[in-house]
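Q: This is the structure I want to talk about, given as structure tokens.
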Amino acid sequence: MALKLYGTPTSTCAARVMTVLNEKLVDFELRPVDLFAGEHRKPDFLSKNPFGYVPVLEDGDLTLFAYLSEKYKDRGYDLIRHGNPREAAFTKMWMEVEAHHFNPTVHPIIFETFVAPIFGDGRPSDQSIIKANVDKLGKVLDIYESRLSTTKYLAGDFFSLADMHHLPYTHYLMQTTFSKLVTSRPHLKAWWEDTSLRPSFKKVSPGMNFPTPN
């Protein structure tokens, strides 16, 4: 029985899970959840995740809020570097960097650029929020550029879950006028050009489109 994934590739979290499942060569059935229509707040979805977040992954009668890199560790590509404690430690460390430094600065840029105009009754994006976070993100990406001058990928000379965690938000960033944050940094640019072409992500990225504001 194929896994059921409730969500939409527009969601960065769902896009991550879909990419992981593709890397692990795991078949899944995507059950679309229209976030912009509020379907994630309706009783049917809340019965699967009472917090109303996507994605939700159903594996038989087991409902999970996350993905299954551990369950399928012996299948497909090894994203979390089982069997090599040093590589696994660097993978976890850069996942933490993403969560605590990259995500908090890139998220407001993407939200204000693409999401706020949809929910804001036609209000323009808040440029002060965008500018403040562009400045912060630039400083974060300076550190990434330095790291990637010594290794091909973030955790080392191997693609890992740390890199994959960055793909959805970087994909959206590259669609903004701030793509130069990436392209002006040669090592970061090379990293993006490499990782964004992974077949697992190329299966997902075409569906990562925000609706046009009314």
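We name chains A, B, ... following the order of the structure tokens; residues begin at 1 in each chain, and ligands are numbered from 1 as shown.
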So which residues touch region 11-13 of chain A within 8 Å, counting only C-alpha atoms, skipping near sequence neighbours fewer than 5 positions away, as a PDB file with N, CA, C and O atoms, in the first residue's frame?
A:
ATOM      1  N   VAL A  54       0.559  21.078   7.538  1.00  0.00           N
ATOM      2  CA  VAL A  54       0.940  20.099   6.524  1.00  0.00           C
ATOM      3  C   VAL A  54       2.466  19.992   6.522  1.00  0.00           C
ATOM      4  O   VAL A  54       3.155  20.939   6.888  1.00  0.00           O
ATOM      5  N   PRO A  55       2.964  18.816   6.126  1.00  0.00           N
ATOM      6  CA  PRO A  55       2.228  17.665   5.624  1.00  0.00           C
ATOM      7  C   PRO A  55       1.848  16.696   6.731  1.00  0.00           C
ATOM      8  O   PRO A  55       2.376  16.762   7.840  1.00  0.00           O
ATOM      9  N   PRO A 168      13.568  24.004  -0.725  1.00  0.00           N
ATOM     10  CA  PRO A 168      12.303  24.704  -1.022  1.00  0.00           C
ATOM     11  C   PRO A 168      12.375  26.221  -0.867  1.00  0.00           C
ATOM     12  O   PRO A 168      11.940  26.963  -1.765  1.00  0.00           O
ATOM     13  N   TYR A 169      12.924  26.700   0.242  1.00  0.00           N
ATOM     14  CA  TYR A 169      12.976  28.152   0.419  1.00  0.00           C
ATOM     15  C   TYR A 169      13.949  28.806  -0.558  1.00  0.00           C
ATOM     16  O   TYR A 169      13.710  29.928  -1.036  1.00  0.00           O
ATOM     17  N   MET A 208       5.575  23.926  -7.244  1.00  0.00           N
ATOM     18  CA  MET A 208       5.772  24.938  -6.210  1.00  0.00           C
ATOM     19  C   MET A 208       5.444  26.321  -6.760  1.00  0.00           C
ATOM     20  O   MET A 208       6.311  27.132  -7.066  1.00  0.00           O
TER      21      MET A 208
END
Q: Which of region 32-158 of chain A end up as helix (DSSP H, G or I) when DSSP is run on this backbone - answer as a VMD selection string?
A: chain A and resid 35 to 37 39 to 41 43 to 46 85 to 119 127 to 148
Q: Counting only C-alpha atoms, which residue out of A:Leu79, A:Leu188, A:Leu137, A:Leu3 sits closest to Glu58 (chain A)?
A: A:Leu3
Q: Could you jot down the CA of Pro199 (chain A) to CA of Asp157 (chain A) separation for me, Å, one decimal place?
A: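 If I compute the distance from CA of Pro199 (chain A) to CA of Asp157 (chain A), I get 18.8 Å.
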Q: So how far away is CA of Lys92 (chain A) from CA of Leu181 (chain A), in Å?
A: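 One can read the CA of Leu181 (chain A) to CA of Lys92 (chain A) distance as 24.4 Å.
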